[in-house]
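J.: Here you go, data.txt (compact mmCIF, C-alpha atoms):
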# COMPACT_ATOMS: atom_id res chain seq x y z
CA MET A 598 -39.30 -8.41 23.76
CA PHE A 599 -35.68 -7.57 22.96
CA ILE A 600 -34.83 -8.64 19.40
CA ILE A 601 -31.19 -8.64 18.29
CA LEU A 602 -30.62 -8.87 14.54
CA ASP A 603 -27.00 -9.99 14.49
CA GLY A 604 -24.76 -7.78 12.36
CA LEU A 605 -27.73 -5.74 11.10
CA GLY A 606 -25.89 -2.47 10.50
CA ASP A 607 -23.82 -1.93 7.39
CA LYS A 608 -22.11 0.62 5.17
CA PRO A 609 -23.58 1.92 1.89
CA CYS A 610 -23.21 -0.71 -0.85
CA LYS A 611 -22.64 0.10 -4.50
CA GLU A 612 -24.71 -2.96 -5.46
CA LEU A 613 -27.69 -1.30 -3.73
CA GLY A 614 -27.25 2.14 -5.28
CA GLY A 615 -25.33 3.54 -2.33
CA LYS A 616 -27.80 2.29 0.29
CA THR A 617 -27.22 -0.13 3.11
CA PRO A 618 -29.10 -3.45 2.95
CA LEU A 619 -31.47 -2.17 5.67
CA GLU A 620 -32.10 1.08 3.78
CA ALA A 621 -32.72 -0.82 0.54
CA ALA A 622 -35.06 -3.37 2.09
CA GLU A 623 -38.86 -3.11 2.02
CA THR A 624 -39.73 -3.15 5.72
CA PRO A 625 -43.29 -1.92 6.33
CA ASN A 626 -43.59 -3.75 9.66
CA LEU A 627 -40.27 -2.58 11.09
CA ASP A 628 -41.20 0.90 9.90
CA ARG A 629 -44.48 0.61 11.82
CA LEU A 630 -42.54 -0.20 14.97
CA ALA A 631 -40.44 2.92 14.33
CA ARG A 632 -43.58 5.07 14.04
CA GLU A 633 -44.91 3.58 17.28
CA GLY A 634 -41.79 4.31 19.28
CA VAL A 635 -38.55 6.22 19.65
CA CYS A 636 -35.39 5.62 17.66
CA GLY A 637 -31.68 6.24 17.86
CA SER A 638 -28.32 4.72 17.07
CA VAL A 639 -26.01 2.88 19.44
CA ARG A 640 -22.24 2.90 19.50
CA ILE A 641 -21.51 -0.61 20.73
CA SER A 642 -17.75 -0.22 20.94
CA ASP A 643 -14.88 1.91 19.68
CA LYS A 644 -13.49 -1.17 17.95
CA PRO A 645 -15.34 -3.86 15.96
CA PRO A 646 -16.89 -6.03 18.69
CA GLU A 647 -17.40 -9.77 18.65
CA SER A 648 -21.00 -10.94 18.99
CA ASP A 649 -20.65 -12.11 22.59
CA GLU A 650 -19.09 -8.77 23.57
CA GLY A 651 -21.84 -6.82 21.80
CA HIS A 652 -24.58 -8.80 23.50
CA LEU A 653 -23.18 -8.44 27.00
CA ALA A 654 -22.67 -4.72 26.45
CA LEU A 655 -26.25 -4.26 25.22
CA PHE A 656 -27.56 -6.05 28.31
CA GLY A 657 -25.58 -3.71 30.55
CA TYR A 658 -22.70 -5.97 31.59
CA SER A 659 -19.17 -4.59 31.94
CA LEU A 660 -16.83 -6.45 29.61
CA LYS A 661 -13.91 -5.62 31.89
CA LYS A 662 -15.63 -7.07 34.97
CA HIS A 663 -17.96 -9.73 33.59
CA TYR A 664 -16.71 -11.05 30.24
CA PRO A 665 -15.78 -14.70 30.85
CA GLY A 666 -14.14 -15.36 27.49
CA ARG A 667 -15.56 -17.18 24.50
CA GLY A 668 -14.81 -20.66 25.82
CA PRO A 669 -17.14 -20.56 28.85
CA ILE A 670 -19.95 -19.10 26.75
CA GLU A 671 -19.65 -21.87 24.15
CA ALA A 672 -19.48 -24.49 26.93
CA ALA A 673 -22.65 -23.18 28.52
CA GLY A 674 -24.27 -23.18 25.08
CA VAL A 675 -23.82 -26.95 24.64
CA GLY A 676 -25.18 -27.57 28.14
CA LEU A 677 -22.06 -27.98 30.27
CA THR A 678 -22.60 -26.70 33.81
CA LEU A 679 -19.63 -24.57 34.82
CA GLN A 680 -18.05 -24.02 38.21
CA ARG A 681 -15.91 -21.15 39.41
CA GLY A 682 -12.30 -21.80 38.41
CA ASP A 683 -13.08 -23.95 35.36
CA VAL A 684 -11.10 -23.19 32.22
CA ALA A 685 -13.25 -23.67 29.13
CA PHE A 686 -12.42 -23.72 25.42
CA ARG A 687 -14.06 -23.56 22.04
CA ALA A 688 -12.97 -26.62 20.10
CA ASN A 689 -13.09 -28.16 16.64
CA MET A 690 -12.72 -31.81 15.69
CA ALA A 691 -10.12 -31.83 12.93
CA THR A 692 -8.20 -34.17 10.64
CA VAL A 693 -4.47 -34.34 11.39
CA ASP A 694 -1.77 -36.38 9.63
CA ASN A 695 1.81 -36.51 10.96
CA GLY A 696 1.11 -33.46 13.10
CA LEU A 697 -0.19 -31.32 10.22
CA VAL A 698 -3.77 -30.08 10.12
CA ILE A 699 -5.33 -31.43 6.92
CA ASP A 700 -8.87 -30.21 7.60
CA ARG A 701 -9.92 -28.04 10.56
CA ARG A 702 -13.49 -29.39 10.32
CA ALA A 703 -12.75 -33.09 9.69
CA GLY A 704 -14.40 -33.03 6.28
CA ARG A 705 -17.34 -31.05 7.72
CA ILE A 706 -18.29 -33.98 9.91
CA ASP A 707 -21.98 -34.17 10.83
CA THR A 708 -21.47 -34.85 14.53
CA THR A 709 -18.62 -35.18 17.01
CA ALA A 710 -20.79 -36.97 19.59
CA PRO A 711 -18.97 -40.37 19.65
CA PHE A 712 -15.58 -38.66 19.93
CA ALA A 713 -16.73 -36.28 22.66
CA LYS A 714 -18.19 -39.21 24.58
CA ARG A 715 -14.93 -41.15 24.33
CA ALA A 716 -12.80 -38.21 25.53
CA ASN A 717 -15.17 -37.01 28.23
CA GLY A 718 -14.19 -37.69 31.83
CA MET A 719 -10.44 -38.25 31.41
CA GLU A 720 -8.40 -37.17 34.46
CA LEU A 721 -4.75 -36.13 34.55
CA GLU A 722 -3.06 -35.23 37.84
CA GLY A 723 -6.37 -34.45 39.49
CA ILE A 724 -7.64 -32.31 36.61
CA LYS A 725 -10.84 -33.54 34.97
CA PHE A 726 -11.53 -32.97 31.28
CA MET A 727 -15.16 -32.62 30.18
CA VAL A 728 -15.99 -32.70 26.48
CA LYS A 729 -19.37 -32.24 24.83
CA ALA A 730 -20.38 -32.13 21.18
CA GLY A 731 -21.79 -29.01 19.59
CA ASN A 732 -23.15 -28.56 16.08
CA ALA A 733 -21.31 -30.37 13.26
CA HIS A 734 -17.53 -30.22 13.87
CA ARG A 735 -17.80 -28.06 16.97
CA MET A 736 -17.18 -29.12 20.55
CA ALA A 737 -16.68 -27.56 23.97
CA LEU A 738 -13.92 -28.59 26.36
CA VAL A 739 -13.70 -27.79 30.08
CA MET A 740 -10.79 -28.39 32.45
CA ARG A 741 -11.81 -28.62 36.12
CA GLY A 742 -9.56 -28.71 39.16
CA PRO A 743 -7.30 -26.56 41.33
CA GLY A 744 -4.59 -24.23 40.08
CA LEU A 745 -5.72 -23.64 36.49
CA SER A 746 -5.26 -20.55 34.34
CA ASP A 747 -6.66 -19.27 31.04
CA LYS A 748 -3.43 -17.41 30.24
CA ILE A 749 -2.48 -19.95 27.59
CA THR A 750 -2.22 -20.05 23.80
CA ASN A 751 -4.51 -21.69 21.27
CA THR A 752 -3.66 -25.06 19.74
CA ASP A 753 -5.74 -24.31 16.63
CA PRO A 754 -3.38 -22.90 13.95
CA HIS A 755 -6.46 -21.53 12.08
CA GLU A 756 -5.05 -22.73 8.75
CA GLU A 757 -4.78 -26.07 7.01
CA GLY A 758 -1.28 -27.28 6.24
CA LYS A 759 0.16 -26.00 9.49
CA PRO A 760 1.10 -28.14 12.49
CA VAL A 761 -1.10 -28.38 15.56
CA ALA A 762 0.22 -25.64 17.83
CA ALA A 763 1.62 -26.64 21.21
CA CYS A 764 -0.20 -24.90 24.05
CA GLU A 765 2.09 -22.53 25.93
CA ALA A 766 1.82 -20.35 29.02
CA LEU A 767 1.34 -16.67 28.24
CA ASP A 768 2.36 -15.16 31.56
CA GLY A 769 4.96 -17.61 32.84
CA SER A 770 2.96 -18.45 35.96
CA ASP A 771 3.00 -21.94 37.46
CA ASN A 772 -0.78 -22.19 36.97
CA ALA A 773 -0.51 -21.35 33.27
CA LYS A 774 2.38 -23.77 32.80
CA LEU A 775 0.39 -26.55 34.50
CA THR A 776 -2.70 -25.87 32.40
CA ALA A 777 -0.72 -25.83 29.15
CA ARG A 778 1.20 -29.01 29.98
CA LEU A 779 -1.90 -31.00 30.94
CA LEU A 780 -3.89 -29.75 27.94
CA ASN A 781 -1.08 -30.83 25.59
CA GLU A 782 -1.00 -34.25 27.26
CA PHE A 783 -4.79 -34.60 26.99
CA LEU A 784 -4.79 -33.66 23.30
CA SER A 785 -1.98 -36.12 22.58
CA LYS A 786 -3.71 -38.98 24.39
CA THR A 787 -7.07 -38.36 22.74
CA HIS A 788 -5.46 -38.10 19.31
CA LYS A 789 -4.19 -41.66 19.70
CA ILE A 790 -7.56 -42.83 21.02
CA PHE A 791 -9.47 -41.24 18.14
CA ASP A 792 -7.16 -42.81 15.52
CA GLU A 793 -8.10 -46.28 16.80
CA MET A 794 -11.87 -45.70 17.09
CA PRO A 795 -14.03 -47.83 14.76
CA GLU A 796 -15.88 -44.70 13.62
CA ASN A 797 -12.64 -43.41 12.11
CA GLN A 798 -11.70 -46.75 10.61
CA GLU A 799 -15.07 -46.71 8.87
CA ARG A 800 -14.54 -43.14 7.68
CA ILE A 801 -11.21 -44.12 6.14
CA VAL A 802 -12.76 -47.13 4.36
CA ARG A 803 -15.43 -44.78 2.96
CA LYS A 804 -12.73 -42.36 1.71
CA MET A 805 -13.73 -39.79 4.31
CA LYS A 806 -11.35 -37.74 6.43
CA PRO A 807 -10.87 -39.15 9.93
CA ALA A 808 -11.83 -37.00 12.93
CA ASN A 809 -8.75 -37.50 15.06
CA GLN A 810 -7.70 -34.25 16.71
CA ILE A 811 -9.27 -31.68 19.02
CA LEU A 812 -8.15 -28.10 18.27
CA THR A 813 -8.70 -25.58 21.05
CA ARG A 814 -9.02 -21.79 21.18
CA GLY A 815 -10.68 -19.04 23.20
CA ALA A 816 -9.68 -20.22 26.69
CA GLY A 817 -11.67 -18.52 29.43
CA TYR A 818 -11.50 -18.70 33.24
CA TYR A 819 -15.05 -19.03 34.45
CA LYS A 820 -16.52 -16.94 37.21
CA PRO A 821 -20.28 -16.39 37.59
CA ILE A 822 -21.72 -13.12 36.35
CA PRO A 823 -24.69 -11.36 38.00
CA SER A 824 -27.94 -12.90 36.84
CA PHE A 825 -30.26 -10.82 34.71
CA LYS A 826 -32.96 -11.29 37.36
CA ASN A 827 -30.80 -9.95 40.17
CA LYS A 828 -29.49 -7.12 38.00
CA TYR A 829 -32.85 -5.86 36.76
CA LYS A 830 -35.47 -7.56 38.96
CA LEU A 831 -36.90 -9.17 35.82
CA LYS A 832 -37.51 -12.84 35.05
CA ALA A 833 -36.06 -13.44 31.60
CA CYS A 834 -36.22 -16.10 28.89
CA CYS A 835 -34.35 -16.43 25.61
CA VAL A 836 -35.08 -17.81 22.14
CA THR A 837 -31.91 -18.54 20.16
CA GLY A 838 -30.61 -20.88 17.49
CA GLY A 839 -26.81 -20.77 17.80
CA GLY A 840 -24.92 -22.25 20.73
CA LEU A 841 -23.04 -19.03 21.52
CA TYR A 842 -26.26 -17.10 22.07
CA LEU A 843 -27.85 -19.90 24.06
CA GLY A 844 -24.72 -19.91 26.21
CA LEU A 845 -24.99 -16.17 26.79
CA GLY A 846 -28.61 -16.56 27.86
CA ARG A 847 -27.76 -19.39 30.23
CA LEU A 848 -24.86 -17.52 31.83
CA MET A 849 -27.22 -14.58 32.48
CA GLY A 850 -29.74 -16.95 34.04
CA MET A 851 -32.31 -16.67 31.24
CA LYS A 852 -34.65 -19.61 30.68
CA PRO A 853 -34.08 -21.15 27.21
CA MET A 854 -37.30 -21.57 25.21
CA GLU A 855 -37.35 -24.19 22.46
CA ALA A 856 -38.71 -22.97 19.14
CA ILE A 857 -39.30 -25.61 16.46
CA GLY A 858 -37.43 -24.63 13.31
CA ALA A 859 -35.27 -22.06 15.09
CA THR A 860 -31.72 -22.42 13.80
CA GLY A 861 -28.55 -20.42 13.76
CA ASP A 862 -28.66 -19.85 10.01
CA ALA A 863 -30.64 -18.03 7.34
CA LYS A 864 -33.25 -20.81 7.07
CA THR A 865 -34.48 -20.19 10.60
CA ASP A 866 -38.22 -19.92 11.30
CA ILE A 867 -38.37 -16.33 12.53
CA GLN A 868 -42.11 -16.28 13.11
CA CYS A 869 -41.78 -19.34 15.34
CA LYS A 870 -39.08 -17.58 17.34
CA LEU A 871 -41.34 -14.57 17.87
CA THR A 872 -44.41 -16.60 18.80
CA THR A 873 -42.30 -18.69 21.19
CA ALA A 874 -41.06 -15.51 22.85
CA MET A 875 -44.65 -14.27 23.13
CA LYS A 876 -45.62 -17.49 24.90
CA GLY A 877 -42.63 -17.11 27.18
CA LEU A 878 -43.71 -13.60 28.10
CA LYS A 879 -46.86 -14.98 29.67
CA GLN A 880 -44.57 -16.28 32.44
CA TYR A 881 -41.54 -14.02 32.13
CA ASP A 882 -40.99 -10.27 32.08
CA PHE A 883 -38.28 -10.09 29.43
CA ALA A 884 -37.60 -12.17 26.30
CA TYR A 885 -34.35 -12.00 24.36
CA VAL A 886 -34.68 -13.16 20.72
CA HIS A 887 -31.59 -13.67 18.58
CA ILE A 888 -31.65 -13.78 14.76
CA LYS A 889 -28.38 -14.64 13.00
CA GLY A 890 -28.94 -14.44 9.23
CA THR A 891 -28.15 -10.74 8.81
CA ASP A 892 -24.62 -11.36 10.07
CA LEU A 893 -24.05 -14.38 7.83
CA PHE A 894 -24.84 -12.50 4.62
CA GLY A 895 -22.57 -9.67 5.76
CA HIS A 896 -19.67 -12.09 6.22
CA ASP A 897 -20.45 -13.57 2.80
CA GLY A 898 -20.22 -10.12 1.22
CA ASP A 899 -23.75 -10.50 -0.14
CA PRO A 900 -25.68 -7.21 0.23
CA ASN A 901 -28.67 -8.43 -1.79
CA GLY A 902 -28.86 -11.59 0.31
CA LYS A 903 -28.73 -9.47 3.45
CA ARG A 904 -31.47 -7.20 2.08
CA ARG A 905 -33.68 -10.19 1.27
CA PHE A 906 -33.13 -11.69 4.72
CA ILE A 907 -34.10 -8.39 6.37
CA GLU A 908 -37.29 -8.51 4.30
CA LYS A 909 -37.86 -12.07 5.53
CA VAL A 910 -37.56 -10.80 9.10
CA ASP A 911 -40.03 -8.04 8.33
CA ARG A 912 -42.59 -10.47 6.87
CA SER A 913 -42.54 -12.31 10.21
CA MET A 914 -43.25 -9.19 12.24
CA PRO A 915 -47.07 -8.96 11.88
CA VAL A 916 -47.40 -11.64 14.58
CA LEU A 917 -46.28 -8.96 17.07
CA GLN A 918 -49.66 -7.25 16.60
CA PHE A 919 -50.92 -9.84 19.09
CA PHE A 920 -48.26 -8.90 21.65
CA ASP A 921 -49.28 -6.22 24.14
CA GLY A 922 -45.86 -5.11 25.31
CA VAL A 923 -42.74 -3.15 24.50
CA VAL A 924 -40.64 -4.29 21.52
CA VAL A 925 -36.96 -3.41 21.11
CA VAL A 926 -35.14 -4.09 17.84
CA THR A 927 -31.41 -3.46 17.49
CA ALA A 928 -28.11 -5.21 16.71
CA ASP A 929 -25.01 -6.40 18.52
CA HIS A 930 -22.71 -4.86 15.90
CA SER A 931 -22.56 -3.89 12.25
CA THR A 932 -21.26 -6.37 9.68
CA SER A 933 -19.93 -4.74 6.52
CA CYS A 934 -20.69 -6.57 3.28
CA ALA A 935 -17.76 -4.75 1.65
CA ALA A 936 -15.26 -5.84 4.30
CA LYS A 937 -17.01 -9.18 5.05
CA ASP A 938 -16.38 -8.50 8.73
CA HIS A 939 -17.65 -6.72 11.81
CA SER A 940 -17.26 -2.95 12.02
CA ALA A 941 -17.56 -0.34 14.76
CA ASP A 942 -20.31 1.56 12.92
CA PRO A 943 -23.32 2.47 15.11
CA VAL A 944 -26.40 0.25 14.93
CA PRO A 945 -30.03 1.41 14.76
CA ILE A 946 -32.38 0.90 17.67
CA VAL A 947 -36.11 1.28 18.09
CA ILE A 948 -37.95 1.06 21.41
CA SER A 949 -41.54 0.64 20.31
CA ARG A 950 -44.84 0.86 22.18
CA GLY A 951 -43.22 2.38 25.23
CA SER A 952 -44.13 5.73 26.72
CA GLU A 953 -42.58 7.97 24.04
CA ARG A 954 -42.79 8.68 20.32
CA ASP A 955 -40.72 10.67 17.86
CA SER A 956 -41.05 11.64 14.21
CA VAL A 957 -39.04 8.75 12.72
CA SER A 958 -41.10 6.72 10.25
CA ARG A 959 -38.44 4.41 8.79
CA PHE A 960 -36.29 1.79 10.50
CA SER A 961 -32.82 2.26 9.03
CA GLU A 962 -29.38 3.43 10.09
CA SER A 963 -29.79 6.94 8.70
CA ALA A 964 -33.41 7.45 9.80
CA CYS A 965 -32.91 6.15 13.34
CA ALA A 966 -29.89 8.40 13.82
CA LEU A 967 -32.30 11.37 13.62
CA GLY A 968 -34.58 9.98 16.34
CA ARG A 969 -35.14 11.37 19.82
CA LEU A 970 -32.69 8.95 21.41
CA GLY A 971 -29.83 10.32 19.28
CA ARG A 972 -26.42 8.70 19.49
CA MET A 973 -26.59 6.43 22.52
CA ASP A 974 -23.79 4.98 24.58
CA VAL A 975 -24.34 1.23 24.85
CA ARG A 976 -24.40 1.58 28.66
CA ASP A 977 -27.57 3.65 28.37
CA VAL A 978 -29.58 1.09 26.39
CA MET A 979 -31.03 -1.01 29.21
CA PRO A 980 -31.76 1.97 31.52
CA THR A 981 -33.59 3.67 28.64
CA VAL A 982 -35.52 0.51 27.73
CA LEU A 983 -36.60 0.02 31.35
CA ARG A 984 -37.58 3.66 31.77
CA LEU A 985 -39.78 3.64 28.68
CA ALA A 986 -41.23 0.22 29.49
CA THR A 987 -42.01 1.06 33.13
CA THR A 988 -44.24 3.92 32.05
CA HIS A 989 -45.80 1.88 29.23
Could you write out this file's structure as structure tokens?
T.:
Amino acid sequence: MFIILDGLGDKPCKELGGKTPLEAAETPNLDRLAREGVCGSVRISDKPPESDEGHLALFGYSLKKHYPGRGPIEAAGVGLTLQRGDVAFRANMATVDNGLVIDRRAGRIDTTAPFAKRANGMELEGIKFMVKAGNAHRMALVMRGPGLSDKITNTDPHEEGKPVAACEALDGSDNAKLTARLLNEFLSKTHKIFDEMPENQERIVRKMKPANQILTRGAGYYKPIPSFKNKYKLKACCVTGGGLYLGLGRLMGMKPMEAIGATGDAKTDIQCKLTTAMKGLKQYDFAYVHIKGTDLFGHDGDPNGKRRFIEKVDRSMPVLQFFDGVVVVTADHSTSCAAKDHSADPVPIVISRGSERDSVSRFSESACALGRLGRMDVRDVMPTVLRLATTH
């Protein structure tokens, strides 16, 4: 079981007496895993990585060769089946008036399903546009057809009060120019369609912001990556809450396992995620479990909230006493409460119940750094996990 606590690592916080949230937390169960295994710290990247980059690196994929871009991962996460050559985008449903973005999230709309359904399937010059709703204001958009390129700019200005950005070619190629031109035409046509939809007329009557514009970012040119099974000769499943992490699992060929109460926020049912993974491991060899809350509190700049969430994770860990297998706990990156953003600081790792032990008795950044595994290169994580698990 490979558990990733998103953004777990941190810097010392003055609110916690100079400790990190993990160091300040009461974690008897994580500490037990440390005593039953070997520990170290992992340098994920020389620069602050995004979550998708950190995950792929941990699982042994080359970002240079295999990273498809954020768009294809998000598209896979909402259930769109991708084909080689597709260009996929992350998207928001926004409120626009006279070309200006009034609200990037359309008044935090509950669902974009009717708008995605209306836009889905449009074709322009032989290029098909596929749109599917995600959570709340989020959507995924895929362009399918010959001669496309992801070397284009975002249309999301990332700030309210600014105009919707025109998509432009980044490299001057004919493919990029075609992709940009057709995307701009699609967004213009759907904007007019959305304005006339009865759902938006009703929103206006109810003094709510209309959802009338798709904003795109994170274009990625999809090409399949090696499946986890072919790469490691292991059948794998995944238990996630957020669409990005579900998309990562799907692109690696992992079987998604549904866990009731598993969400992409701090209210997630962690014990249910772990028990679902345990059930999955009766059929599969490897289970990836993603837990998001640690990252959210880091971005909020809330070290005490992060500490309390880590303690919530720890209180869910006793269920693993009924799991007879190797447990890995680590993170995809550090998220600094002080900076409210990702950092390049190393993350702790424990590989527990494998074939080796060390003298570490506490699961924290400082304690794990003194473990037998030392400072690990991220490329060595999966080979080390497999070596210790094979001799388990």
J.: To one decimal place, how far is CA of Asp792 (chain A) from CA of Arg702 (chain A) in Å?
T.: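 According to the coordinates, CA of Asp792 (chain A) and CA of Arg702 (chain A) are separated by 15.7 Å.
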J.: Tell me, as a ChimeraX atom specification, which residues lie within 7 Å of Val975 (chain A), counting only C-alpha atoms; anything in the same chain fewer than 2 positions away does not count.
T.: /A:639-641,654-655,973,977-978
J.: Hey, what's within 8 Å of Cys610 (chain A) if we count all atoms listed in the file and toss same-chain stuff fewer than 4 positions away? As a ChimeraX atom specification, please?
T.: /A:614-618,900,934-935
J.: Would you pick out the contacts of region 769-785 of chain A at 12 Å or less, using only C-alpha atoms, so that residues sharing its chain but fewer than 5 positions from it are not included, and give the list as a PyMOL selection string?
T.: chain A and resi 682-686+688-691+693+696+716-728+738-753+761-764+790-792+809-814+816-818
J.: Counting only C-alpha atoms, which of A:Ala966, A:Val916, A:Val910, A:Ile948 gets nearest to Asp603 (chain A)?
T.: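 Going through A:Ala966, A:Val916, A:Val910, A:Ile948 one by one, the smallest distance to Asp603 (chain A) is for A:Val910.
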J.: So, counting only C-alpha atoms, which residue among A:Ile801, A:Val947, A:Val675, A:Ile601 is closest to Thr692 (chain A)?
T.: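 Comparing A:Ile801, A:Val947, A:Val675, A:Ile601 against Thr692 (chain A), the winner is A:Ile801.
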J.: Would you kindly return, as a list of chain:residue names, each protein, DNA or RNA residue with an atom no farther than 6 Å from any atom of Val698 (chain A), considering all atoms listed in the file and excluding same-chain residues fewer than 6 positions away?
T.: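 Listing them by chain and then by number gives A:Glu757, A:Gly758, A:Lys759, A:Pro760.
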J.: Using all atoms listed in the file, which of the listed residues (A:Met598, A:Leu985, A:Ala941, A:Ala859) sits closest to Asp643 (chain A)?
T.: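 Once distances to Asp643 (chain A) are computed over all atoms listed in the file, the minimum belongs to A:Ala941.
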J.: Please indicate the distance in Å from CA of Lys852 (chain A) to CA of Cys835 (chain A), rounded to one decimal place.
T.: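 A separation of 6.0 Å between them.
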J.: Go ahead and compute the interatomic distance for CA of Leu767 (chain A) and CA of Met736 (chain A), in Å to one decimal.
T.: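 Interatomic distance, CA of Leu767 (chain A) to CA of Met736 (chain A): 23.6 Å.
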J.: Starting from the point (-22.5, -6.1, 11.8), work out which residues of protein, DNA or RNA have an atom no more than 6 Å away when counting only C-alpha atoms; state them as a PyMOL selection string.
T.: chain A and resi 604-606+892+930-932+939
J.: Taking into account all atoms listed in the file, which residue in the set A:Met794, A:Ala621, A:Ala673, A:Cys965 is nearest to Arg687 (chain A)?
T.: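 Using all atoms listed in the file, Arg687 (chain A) sits closest to A:Ala673.
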J.: For Tyr658 (chain A), work out the shell of residues within 12 Å, counting all atoms listed in the file and skipping chain neighbours fewer than 5 positions away, then give it as a PyMOL selection string.
T.: chain A and resi 649-653+663-665+822-825+828-829+845+848-849+975-979
J.: Would you write out those residues with C-alpha atoms, as a short mmCIF file (atom, residue, chain, number, x, y, z; two decimals), keeping the file's coordinate frame?
T.:
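Final file, out-v8.cif:
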data_model
loop_
_atom_site.label_atom_id
_atom_site.label_comp_id
_atom_site.auth_asym_id
_atom_site.auth_seq_id
_atom_site.Cartn_x
_atom_site.Cartn_y
_atom_site.Cartn_z
CA ASP A 649 -20.65 -12.11 22.59
CA GLU A 650 -19.09 -8.77 23.57
CA GLY A 651 -21.84 -6.82 21.80
CA HIS A 652 -24.58 -8.80 23.50
CA LEU A 653 -23.18 -8.44 27.00
CA HIS A 663 -17.96 -9.73 33.59
CA TYR A 664 -16.71 -11.05 30.24
CA PRO A 665 -15.78 -14.70 30.85
CA ILE A 822 -21.72 -13.12 36.35
CA PRO A 823 -24.69 -11.36 38.00
CA SER A 824 -27.94 -12.90 36.84
CA PHE A 825 -30.26 -10.82 34.71
CA LYS A 828 -29.49 -7.12 38.00
CA TYR A 829 -32.85 -5.86 36.76
CA LEU A 845 -24.99 -16.17 26.79
CA LEU A 848 -24.86 -17.52 31.83
CA MET A 849 -27.22 -14.58 32.48
CA VAL A 975 -24.34 1.23 24.85
CA ARG A 976 -24.40 1.58 28.66
CA ASP A 977 -27.57 3.65 28.37
CA VAL A 978 -29.58 1.09 26.39
CA MET A 979 -31.03 -1.01 29.21
#
J.: Name the closest residue to Pro646 (chain A) among the candidates A:Asp938, A:Lys714, A:Ala730, A:Asp700; distances are taken between atoms, counting all atoms listed in the file.
T.: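 Between A:Asp938, A:Lys714, A:Ala730, A:Asp700, the residue approaching Pro646 (chain A) most closely is A:Asp938.
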J.: For the point (-40.3, -11.7, 4.9) in the file's frame, write as a PyMOL selection string all residues with an atom no more than 10 Å away, counting all atoms listed in the file.
T.: chain A and resi 623-624+626+867-868+905-914
J.: Which one is closest to Glu962 (chain A): A:Leu843, A:Ala703, A:Ala622, A:Ile670? Count only C-alpha atoms.
T.: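 Once distances to Glu962 (chain A) are computed over only C-alpha atoms, the minimum belongs to A:Ala622.
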